[in-house]
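Scroll down for the structure; my scribbles are underneath it.
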Amino acid sequence: MSDAAAFDLSVHPDVVLDADALRRAAARAAGVREADVRGVRVLRRAIDARHGKVRMHLRVALVLPGMTEPAAIEPVALPSLGGAPRVAIVGAGPAGMFCAWQLAQHGLRSIVLERGKPVRARRHDLAALTRRGVIDPDSNYCFGEGGAGTFSDGKLYTRADKRGAPESVLRAFVGYGAPPEILVDARPHIGTNRLPRVIESMREHLGSAGIELSFSRRVVDLRLRDGRVCGVEVAGGDVIDADAVVLAVGHSARDIFELMARSGVMIAFKPFAIGVRVEHEQAFVDRLQYGALAGHPALGSAAYRVVEQACGRGVFSFCMCPGGFIVPAATSPQEHVVNGWSPSSRRGRYANSGFVTEIDENVLVSFGFSPTDPLAGLALQRSLERASYDAGGGAFVAPAQRLDDFLARRQSTELPSCSYPRGLAPVELDGVLGSLGEPLRVALRAIDRRMPGFAGPTGVGVALESRTSSPVRIVRGDDGQSPSHPRLFPCGEGAGYAGGIMSAALDGIRTADAVAATLGVRSR
């Protein structure tokens, strides 16, 4: 069934669970006899809970006699690549992996250098952090195969369609074992429990084409020849020669940002956001969003998205995790960071979301940092993470405050139960956030008026949500290269050109095309 034959339906959630009712509704909308409809293929699905009335918006196609089922999606065919790798990719997150994937389709062999470990070995380091408070600076929730997104929910929603067609990335994920539903849901999601196997499958496919993925290889320097980048040096002294180097390092690669500054690579401060992670009981969020239909099996766990203007800057929710968990996401000892994730079922007891405010040049100045320093955002980030670690008393215990107490500027005497595994320390969050607390407070009051109880005693704010995006932009020109260092291709979230799995993957593809054009390789 082609998209041209597709049409839209808006139905009650009950209809989605009843194949006969859905067939009747679709036949009526299409103006055909119900007896002629073998079934209904749902092409797109979204929940609309606005205006106090919950509806399912569907894009559907009728399955009529004589039609065949669509073929299963397989991984795209890659050529067998030989010879020395021509491109070195720094980072095995979505930007780096999809860059290698696209380069292979151009016939270019690459080597992917990842400072962290493969996903299976990485799990042991996450367990050491969550259970014992022991951190490995190179293998944690931010670093390792698949990047920060591997153990951060697997959300695949993006508005970054200017970078390319999101469907190409979604289909690639399905080919590597992700559930086909991600092609249907308006806000697709794989789940942290499923995503590691998808990433392993992609790695195995890339390896079968001759692409080398090398783990525990932390890049420490650039190599230059005749004014061009010609490779990288890794810890231990090994040098990887390449015709081009792609930097796909992720938003937490502070040592790479500092290396770029020392090397004279053109970089700049990039606005980002800092705040807390807010958690409620999932049942409370379901009632807020779905009212009497809370818990309906067609709806699943409810999500929310909030945006406010407060104290002259934006405040917004970030990486909302229905049925999820809060986790320690630091990359260094004595610096405290939190993030959230959900399993594919999203059936956990709690719902959490980042709740953050924008950090711009004016905020830097208010904290005593120079907006002309391209690493000033990194310095602010680090100082607040250290304050958060100290406020929690160490061992990655999280400083936290009930939301009603935060509004009243009083320390909580007790805290709600919470999904965070290292425990909570009751504090006044203003002691961690400084002047960032006030815009969060103003926004919370406005949200609570629309969503009664949101800022009540059952909600808790957990510090510190500070890795929302990169605080640095590694500048690139229209040709994808660094203006100061030809053949260096900044890419993805760490370079300041993406924000999440999908946009990073799309930027990796775009960067691969730029590399191929620079190296004079024609598209196949």
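Starting from 1 in every chain, residues are counted up; chains themselves are A, B, ... following the order of the structure tokens, and ligands are numbered from 1 as listed.
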Contact residues around range 344-349 of chain A with only C-alpha atoms at 7 Å, ignoring same-chain residues under 4 positions, as a tab-separated table (two decimals) with N, CA and C atoms, in the first residue's frame:
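As a result, part12.tsv now contains:
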chain	number	residue	atom	x	y	z
A	190	ILE	N	13.26	3.13	21.61
A	190	ILE	CA	13.70	1.73	21.62
A	190	ILE	C	13.74	1.19	23.04
A	191	GLY	N	14.27	1.95	23.96
A	191	GLY	CA	14.41	1.49	25.34
A	191	GLY	C	15.83	1.04	25.62
A	192	THR	N	16.32	1.42	26.80
A	192	THR	CA	17.69	1.11	27.16
A	192	THR	C	17.95	-0.39	27.24
A	193	ASN	N	16.93	-1.18	27.54
A	193	ASN	CA	17.13	-2.63	27.61
A	193	ASN	C	17.33	-3.25	26.24
A	194	ARG	N	16.80	-2.64	25.18
A	194	ARG	CA	16.91	-3.20	23.83
A	194	ARG	C	18.04	-2.58	23.00
A	281	GLU	N	5.56	10.17	40.70
A	281	GLU	CA	4.97	8.86	40.45
A	281	GLU	C	4.38	8.87	39.03
A	282	GLN	N	4.61	7.78	38.28
A	282	GLN	CA	4.07	7.73	36.93
A	282	GLN	C	2.54	7.81	36.93
A	301	SER	N	2.32	4.65	29.35
A	301	SER	CA	2.72	5.65	30.34
A	301	SER	C	2.78	7.03	29.69
A	322	PRO	N	9.15	8.45	30.72
A	322	PRO	CA	8.02	7.80	31.38
A	322	PRO	C	8.42	6.43	31.90
A	323	GLY	N	7.93	6.07	33.07
A	323	GLY	CA	8.25	4.76	33.64
A	323	GLY	C	9.73	4.51	33.77
A	324	GLY	N	10.49	5.57	34.08
A	324	GLY	CA	11.94	5.50	33.98
A	324	GLY	C	12.68	5.56	35.31
Item to check | DSSP strand (DSSP E or B) residues within range 3-223 of chain A, as a ChimeraX atom specification | outcome: /A:7-11,39-48,55-63,87-90,110-114,136,139,155,185,189,212-215,219-223
Next on the checklist: What's around range 65-71 of chain A at 12 Å? Count only C-alpha atoms, leave out sequence neighbours fewer than 2 positions away in its own chain, and write the answer as a ChimeraX atom specification.
Outcome noted: /A:1-2,35-41,43,61-63,73-74,175,180
Next on the checklist: Using DSSP secondary structure from the backbone, list all alpha helix (DSSP H) positions within range 162-221 of chain A, as number ranges by chain.
Outcome noted: A: 166-175, 195-208
Checklist entry - Hey, what's within 12 Å of Ser263 in chain A if we count only C-alpha atoms and toss same-chain stuff fewer than 2 positions away? As a list in words, please? => result Val220, Asp221, Leu222, Arg223, Leu224, Val229, Ile256, Phe257, Glu258, Leu259, Met260, Ala261, Val265, Met266, Ile267, Ser484 and His485 of chain A
Item to check | 6 Å contact set for range 499-512 of chain A, only C-alpha atoms, chain neighbours under 2 positions out, as a PyMOL selection string | outcome: chain A and resi 94-95+98-99+102-103+156+160+163+492-493+514-515
If you keep C-alpha atoms, can you produce a file of those selected residues as a PDB file, in the first residue's frame?
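Contents of the output file selection.pdb:
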ATOM      1  CA  PRO A  94      25.385   7.533  16.773  1.00  0.00           C
ATOM      2  CA  ALA A  95      27.260  10.268  14.887  1.00  0.00           C
ATOM      3  CA  PHE A  98      26.411   6.336  11.136  1.00  0.00           C
ATOM      4  CA  CYS A  99      29.315   8.276   9.673  1.00  0.00           C
ATOM      5  CA  GLN A 102      27.580   6.126   5.218  1.00  0.00           C
ATOM      6  CA  LEU A 103      31.286   6.240   4.346  1.00  0.00           C
ATOM      7  CA  LEU A 156      14.501   8.654  18.440  1.00  0.00           C
ATOM      8  CA  ALA A 160      16.222  17.911  12.591  1.00  0.00           C
ATOM      9  CA  ARG A 163      19.938  17.245   8.087  1.00  0.00           C
ATOM     10  CA  GLY A 492      27.433  15.466  16.010  1.00  0.00           C
ATOM     11  CA  GLU A 493      26.460  16.520  19.499  1.00  0.00           C
ATOM     12  CA  ALA A 514      31.165  15.934   3.130  1.00  0.00           C
ATOM     13  CA  VAL A 515      34.228  13.736   3.699  1.00  0.00           C
TER      14      VAL A 515
END
Checklist entry - Restricting the calculation to only C-alpha atoms, which member of A:Gly264, A:Gly52, A:Pro75, A:Pro166 is positioned closest to Pro483 in chain A? => result A:Gly264
Next on the checklist: Just want the 7 Å neighbourhood of range 133-150 of chain A, counted on only C-alpha atoms, with same-chain residues fewer than 6 positions away dropped. Output as a ChimeraX atom specification.
Outcome noted: /A:92-94,114-119,122,125-126,192,195-196,199,250,252,329,331-333,395-396,501
Let me see the file: selected residues, N, CA and C atoms, as a JSON list (two decimals), in the first residue's frame.
[["chain", "number", "residue", "atom", "x", "y", "z"],
["A", 92, "ALA", "N", 32.33, 6.41, 19.02],
["A", 92, "ALA", "CA", 31.44, 5.37, 18.50],
["A", 92, "ALA", "C", 30.01, 5.57, 18.98],
["A", 93, "GLY", "N", 29.59, 6.84, 19.08],
["A", 93, "GLY", "CA", 28.19, 7.13, 19.33],
["A", 93, "GLY", "C", 27.43, 7.11, 18.02],
["A", 94, "PRO", "N", 26.17, 7.57, 18.01],
["A", 94, "PRO", "CA", 25.38, 7.53, 16.77],
["A", 94, "PRO", "C", 26.00, 8.34, 15.64],
["A", 114, "GLU", "N", 37.13, 4.51, 19.87],
["A", 114, "GLU", "CA", 36.25, 4.80, 21.00],
["A", 114, "GLU", "C", 37.02, 4.67, 22.31],
["A", 115, "ARG", "N", 36.97, 5.72, 23.11],
["A", 115, "ARG", "CA", 37.70, 5.72, 24.38],
["A", 115, "ARG", "C", 37.14, 4.70, 25.36],
["A", 116, "GLY", "N", 35.86, 4.40, 25.27],
["A", 116, "GLY", "CA", 35.22, 3.49, 26.20],
["A", 116, "GLY", "C", 35.22, 2.06, 25.72],
["A", 117, "LYS", "N", 34.34, 1.27, 26.31],
["A", 117, "LYS", "CA", 34.30, -0.16, 26.07],
["A", 117, "LYS", "C", 33.07, -0.55, 25.24],
["A", 118, "PRO", "N", 33.07, -1.78, 24.68],
["A", 118, "PRO", "CA", 31.85, -2.29, 24.04],
["A", 118, "PRO", "C", 30.71, -2.36, 25.05],
["A", 119, "VAL", "N", 29.48, -2.43, 24.54],
["A", 119, "VAL", "CA", 28.32, -2.29, 25.43],
["A", 119, "VAL", "C", 28.29, -3.35, 26.53],
["A", 122, "ARG", "N", 30.82, -2.52, 29.10],
["A", 122, "ARG", "CA", 30.43, -1.24, 29.69],
["A", 122, "ARG", "C", 29.40, -1.42, 30.81],
["A", 125, "ASP", "N", 30.88, -1.55, 34.25],
["A", 125, "ASP", "CA", 31.31, -0.26, 34.80],
["A", 125, "ASP", "C", 30.11, 0.55, 35.29],
["A", 126, "LEU", "N", 28.98, 0.43, 34.62],
["A", 126, "LEU", "CA", 27.77, 1.11, 35.08],
["A", 126, "LEU", "C", 27.30, 0.52, 36.40],
["A", 192, "THR", "N", 16.32, 1.42, 26.80],
["A", 192, "THR", "CA", 17.69, 1.11, 27.16],
["A", 192, "THR", "C", 17.95, -0.39, 27.24],
["A", 195, "LEU", "N", 18.33, -1.32, 23.27],
["A", 195, "LEU", "CA", 19.26, -0.60, 22.40],
["A", 195, "LEU", "C", 20.66, -1.21, 22.34],
["A", 196, "PRO", "N", 21.22, -1.72, 23.44],
["A", 196, "PRO", "CA", 22.57, -2.30, 23.34],
["A", 196, "PRO", "C", 22.69, -3.40, 22.29],
["A", 199, "ILE", "N", 22.85, -1.90, 18.84],
["A", 199, "ILE", "CA", 24.16, -1.32, 18.58],
["A", 199, "ILE", "C", 25.18, -2.42, 18.27],
["A", 250, "GLY", "N", 30.85, 13.38, 21.26],
["A", 250, "GLY", "CA", 29.81, 13.49, 22.28],
["A", 250, "GLY", "C", 29.95, 14.73, 23.14],
["A", 252, "SER", "N", 30.26, 15.25, 26.29],
["A", 252, "SER", "CA", 31.01, 15.25, 27.55],
["A", 252, "SER", "C", 32.51, 15.08, 27.38],
["A", 329, "ALA", "N", 25.39, 10.11, 36.04],
["A", 329, "ALA", "CA", 25.94, 10.22, 34.69],
["A", 329, "ALA", "C", 27.22, 11.05, 34.65],
["A", 331, "THR", "N", 31.30, 11.86, 34.59],
["A", 331, "THR", "CA", 32.44, 11.27, 33.87],
["A", 331, "THR", "C", 33.74, 11.45, 34.64],
["A", 332, "SER", "N", 33.68, 12.08, 35.80],
["A", 332, "SER", "CA", 34.88, 12.31, 36.60],
["A", 332, "SER", "C", 34.56, 12.12, 38.08],
["A", 333, "PRO", "N", 35.54, 11.72, 38.89],
["A", 333, "PRO", "CA", 35.33, 11.66, 40.33],
["A", 333, "PRO", "C", 35.04, 13.06, 40.87],
["A", 395, "ALA", "N", 30.29, 10.21, 47.12],
["A", 395, "ALA", "CA", 29.87, 8.86, 46.70],
["A", 395, "ALA", "C", 28.69, 8.90, 45.72],
["A", 396, "PHE", "N", 28.51, 10.02, 45.03],
["A", 396, "PHE", "CA", 27.46, 10.21, 44.03],
["A", 396, "PHE", "C", 26.06, 10.11, 44.63],
["A", 501, "ILE", "N", 20.03, 11.18, 19.73],
["A", 501, "ILE", "CA", 20.44, 10.07, 18.88],
["A", 501, "ILE", "C", 20.16, 10.34, 17.41]]
Next on the checklist: Excluding Ala29 in chain A and its own-chain neighbours fewer than 6 positions away, which residues fall within 10 Å of it when counting only C-alpha atoms? Please give them as a PyMOL selection string.
Outcome noted: chain A and resi 7-9+23
Restrict the selected residues to N, CA and C atoms and save them as a CSV table (one decimal), in the first residue's frame.
chain,number,residue,atom,x,y,z
A,7,PHE,N,-4.6,7.5,4.6
A,7,PHE,CA,-5.4,8.6,5.0
A,7,PHE,C,-5.4,8.7,6.6
A,8,ASP,N,-6.0,9.8,7.1
A,8,ASP,CA,-5.9,10.0,8.6
A,8,ASP,C,-7.2,9.6,9.3
A,9,LEU,N,-7.1,9.1,10.5
A,9,LEU,CA,-8.2,8.8,11.4
A,9,LEU,C,-7.9,9.4,12.7
A,23,ARG,N,-11.3,-1.5,11.8
A,23,ARG,CA,-11.6,-1.8,10.4
A,23,ARG,C,-12.9,-1.0,10.0
